[in-house]
Every structure is written in C-alpha cells, then in structure tokens.
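Student: Dropping the structure in here first, questions after.
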Amino acid sequence: MSRNILILNGPNLNLLGTREPDIYGAQTLRDVENACVGLARELSLSIDFRQSNDEGELVTWIQQARGHTDGIVINPAAYTHTSVAILDALNMYDGTVIEVHISNIHKREEFRHHSYVSGRADGVIAGCGTNGYLLALRQIAHRLG
Ligand code: DHK
C-alpha cells in the first residue's frame, strides 16, 4: 500500500497565524505543514500538503487524488458550508476522508453548523485547534493498519 495522504486546506487558511488568532490560533499554515510532515514520518505516511482559495482547484486536486492516495485530510474552510462541488468530488473518491476544522463550528454562528463535506467524511474533527490535523493523520494511519 502506498500510504500517500493528501492534506487540503481551503480559503483564507493561507493567512493562519495572523487571521483571527483568538479563533484559529497563532500557528501559521507552514507550522501546521511542518508538524504534519514530522508526524507523517513517524507514522510512515507520505503527505502532500496544499492550500487553495479556489473551489475549482480543490475539486481538481480531489479528482486527481483518485487511485493513488489512501486518504484525504480536508479543511474546506468556508467551502464546508457551501460546496456541493467539493462533496461531489469526495463522493467519487474511495479512500479515507477526514474532515478537520480548527474551531468548533458547532459553537459558532448558525451558518457554520452545517457541513456538506460531513455527508462523505469518514471522520470529523472540530475544535481541537491545529492539532486536529495531527489527529486526522493518526486516524488515517490507524485505519490503514
Ligand atoms: C475555517 C474557516 O475558514 C471557516 O470558514 C469555517 C474553519 C471554520 C475552521 O475552523 O478551520 O467555518
């Protein structure tokens, strides 16, 4: 088994660290990537960590992951609450999907309570800060055995 994992980040997560740090914390996306790289090494996973502000680009990356990755960790950010296109792309993907939210979306505004992506996700992690990405990698490694 390849143990290749794609980690996808949606809009505005490129500004992590400076963006509403009271909600999203002080770590930058590069910090998160570095932490994921370190843990992936421990878990014998190979990761590809990406961010886009563009819904179509995220859809394309999910389509391209079919057949040669074992799992996707995705923080769709605002597209969580709006994107049928991302859900449709994930529905055509047959590996493990773990949805991550840095904040607890259920404790926030009503419009953040619904996630299209949860209709496909095998697991959902919310409110654990950026540690959620590491929990997601551990869960995928656990499922892969
Ligand atoms: C990130 C965002 O950008 C928001 O639009 C979501 C999510 C929550 C997060 O907690 O990581 O509502």
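For the structure tokens, the naming scheme is as follows: chains receive sequential letters (A, B, ...) according to their order of presentation, residues are indexed from 1 within each chain, and ligands are indexed from 1 in presentation order.
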Pick out the residues sitting within 10 Å of A:Gln63, and hand them over as a VMD selection string; count only C-alpha atoms, and ignore anything fewer than 3 positions along from it in its own chain.

Tutor: chain A and resid 57 to 60 66 to 67 86 88 to 93

Student: Go ahead and save the residues from that selection, with N, CA, C and O atoms, as an mmCIF file, in the first residue's frame.

Tutor:
data_model
loop_
_atom_site.group_PDB
_atom_site.id
_atom_site.type_symbol
_atom_site.label_atom_id
_atom_site.label_comp_id
_atom_site.auth_asym_id
_atom_site.auth_seq_id
_atom_site.Cartn_x
_atom_site.Cartn_y
_atom_site.Cartn_z
ATOM 1 N N GLU A 57 -10.052 24.560 -7.926
ATOM 2 C CA GLU A 57 -8.725 23.943 -7.769
ATOM 3 C C GLU A 57 -8.785 22.807 -6.746
ATOM 4 O O GLU A 57 -8.207 21.738 -6.952
ATOM 5 N N LEU A 58 -9.516 23.024 -5.668
ATOM 6 C CA LEU A 58 -9.671 21.972 -4.658
ATOM 7 C C LEU A 58 -10.373 20.758 -5.271
ATOM 8 O O LEU A 58 -9.979 19.611 -5.049
ATOM 9 N N VAL A 59 -11.417 21.007 -6.072
ATOM 10 C CA VAL A 59 -12.138 19.920 -6.747
ATOM 11 C C VAL A 59 -11.181 19.143 -7.656
ATOM 12 O O VAL A 59 -11.144 17.909 -7.638
ATOM 13 N N THR A 60 -10.379 19.859 -8.423
ATOM 14 C CA THR A 60 -9.421 19.205 -9.330
ATOM 15 C C THR A 60 -8.428 18.357 -8.549
ATOM 16 O O THR A 60 -8.136 17.215 -8.934
ATOM 17 N N ARG A 66 -7.622 10.436 -6.887
ATOM 18 C CA ARG A 66 -8.252 9.124 -7.049
ATOM 19 C C ARG A 66 -7.236 8.125 -7.604
ATOM 20 O O ARG A 66 -6.509 8.421 -8.534
ATOM 21 N N GLY A 67 -7.193 6.961 -6.951
ATOM 22 C CA GLY A 67 -6.354 5.886 -7.489
ATOM 23 C C GLY A 67 -4.929 5.852 -6.982
ATOM 24 O O GLY A 67 -4.281 4.824 -7.090
ATOM 25 N N ILE A 86 -17.416 20.246 -3.927
ATOM 26 C CA ILE A 86 -16.392 19.514 -3.161
ATOM 27 C C ILE A 86 -16.978 18.200 -2.645
ATOM 28 O O ILE A 86 -16.337 17.148 -2.719
ATOM 29 N N ASP A 88 -19.354 16.438 -4.080
ATOM 30 C CA ASP A 88 -19.461 15.545 -5.239
ATOM 31 C C ASP A 88 -18.107 14.936 -5.591
ATOM 32 O O ASP A 88 -18.014 13.748 -5.915
ATOM 33 N N ALA A 89 -17.051 15.758 -5.535
ATOM 34 C CA ALA A 89 -15.706 15.248 -5.842
ATOM 35 C C ALA A 89 -15.298 14.199 -4.809
ATOM 36 O O ALA A 89 -14.748 13.144 -5.160
ATOM 37 N N LEU A 90 -15.575 14.458 -3.547
ATOM 38 C CA LEU A 90 -15.218 13.498 -2.487
ATOM 39 C C LEU A 90 -16.036 12.213 -2.622
ATOM 40 O O LEU A 90 -15.554 11.121 -2.303
ATOM 41 N N ASN A 91 -17.267 12.340 -3.109
ATOM 42 C CA ASN A 91 -18.101 11.142 -3.295
ATOM 43 C C ASN A 91 -17.542 10.219 -4.378
ATOM 44 O O ASN A 91 -17.874 9.040 -4.409
ATOM 45 N N MET A 92 -16.691 10.753 -5.251
ATOM 46 C CA MET A 92 -16.076 9.911 -6.294
ATOM 47 C C MET A 92 -14.717 9.365 -5.846
ATOM 48 O O MET A 92 -14.040 8.667 -6.598
ATOM 49 N N TYR A 93 -14.323 9.715 -4.633
ATOM 50 C CA TYR A 93 -13.024 9.308 -4.094
ATOM 51 C C TYR A 93 -13.249 8.114 -3.171
ATOM 52 O O TYR A 93 -14.149 8.158 -2.325
#

Student: Around ligand 1, at most 6 Å away and counting only C-alpha atoms and all ligand atoms, which residues are there? Put them as an mmCIF file with N, CA and C atoms, in the first residue's frame, please.

Tutor:
data_model
loop_
_atom_site.group_PDB
_atom_site.id
_atom_site.type_symbol
_atom_site.label_atom_id
_atom_site.label_comp_id
_atom_site.auth_asym_id
_atom_site.auth_seq_id
_atom_site.Cartn_x
_atom_site.Cartn_y
_atom_site.Cartn_z
ATOM 1 N N ASN A 12 -8.580 31.177 2.776
ATOM 2 C CA ASN A 12 -8.151 32.018 3.905
ATOM 3 C C ASN A 12 -7.236 31.309 4.908
ATOM 4 N N ALA A 77 -12.567 24.864 4.988
ATOM 5 C CA ALA A 77 -12.790 26.241 5.458
ATOM 6 C C ALA A 77 -14.210 26.680 5.081
ATOM 7 N N ALA A 78 -14.381 27.866 4.513
ATOM 8 C CA ALA A 78 -15.745 28.354 4.260
ATOM 9 C C ALA A 78 -16.513 27.475 3.274
ATOM 10 N N HIS A 101 -11.747 20.830 11.201
ATOM 11 C CA HIS A 101 -11.982 22.257 11.439
ATOM 12 C C HIS A 101 -11.185 22.653 12.662
ATOM 13 N N ILE A 102 -10.462 23.720 12.541
ATOM 14 C CA ILE A 102 -9.640 24.186 13.662
ATOM 15 C C ILE A 102 -10.540 24.614 14.823
ATOM 16 N N SER A 103 -11.563 25.365 14.491
ATOM 17 C CA SER A 103 -12.506 25.829 15.517
ATOM 18 C C SER A 103 -13.647 24.821 15.649
ATOM 19 N N ILE A 105 -17.003 24.396 14.946
ATOM 20 C CA ILE A 105 -18.007 25.082 14.112
ATOM 21 C C ILE A 105 -19.395 25.037 14.755
ATOM 22 N N ARG A 112 -22.470 28.117 10.272
ATOM 23 C CA ARG A 112 -21.309 27.215 10.245
ATOM 24 C C ARG A 112 -21.656 25.814 10.749
#

Student: Contacts of A:Ser46 at 10 Å or less, counting only C-alpha atoms, minus same-chain residues fewer than 3 places along, as a PyMOL selection string?

Tutor: chain A and resi 2-6+36-37+40-41+43+49+69

Student: Give the strand (DSSP E) residues of stretch 29-93 of chain A, as DSSP finds them on the backbone, and put them as a list in words.

Tutor: Ser46, Ile47, Asp48, Phe49, Arg50, Gln51, Gly71, Ile72, Val73, Ile74 and Asn75 of chain A

Student: In terms of the shortest atom-to-atom distance over only C-alpha atoms, which of A:Gln64, A:Asn53, A:His81, A:Asn14 is closest to A:Glu33?

Tutor: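 Of all the options, A:Asn14 lies closest to A:Glu33.
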
Student: Grab the atom CA of A:Tyr116 to atom CA of A:Thr96 distance for me, in Å with one decimal place.

Tutor: 16.4 Å

Student: Tell me, as a list in words, which residues lie within 12 Å of A:Gly127, counting only C-alpha atoms; anything in the same chain fewer than 3 positions away does not count.

Tutor: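 Those residues are Ile23, Tyr24, Gly25, Glu99, Val100, His101, Ile102, Ser103, Asn104, Ile105, His106, Lys107, Arg108, Val124, Thr130, Asn131, Gly132, Tyr133 and Leu135 of chain A.
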
Student: Could you pull out the helix (DSSP H, G or I) residues of chain A from DSSP and send them as a VMD selection string?

Tutor: chain A and resid 13 to 15 21 to 24 29 to 42 55 to 64 77 to 81 84 to 91 105 to 107 110 to 112 117 to 119 131 to 144

Student: Between A:His142, A:Leu8, A:Ile74, A:Ala136, which is the closest to A:Arg120 once you count only C-alpha atoms?

Tutor: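 Closest residue, counting only C-alpha atoms: A:Ile74.
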
Student: Using only C-alpha atoms for the distances, tell me which of A:Val117, A:Ile47, A:Ala126, A:Ile7 is nearest to A:Val84.

Tutor: A:Val117

Student: At a cut-off of 12 Å, using only C-alpha atoms, what residues contact A:Gly145? Leave out same-chain residues fewer than 6 positions from it and give the result as a list in words.

Tutor: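 So the residues in contact are Met1, Arg3, Leu43, Ser44, Leu45, Asp70, Arg138 and Gln139 of chain A.
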
Student: May I ask which of the residues A:Gly129, A:Leu87, A:Leu134, A:Glu109 is the closest one to A:Pro21, counting only C-alpha atoms?

Tutor: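 Residue with the minimum atom-to-atom distance to A:Pro21: A:Gly129.
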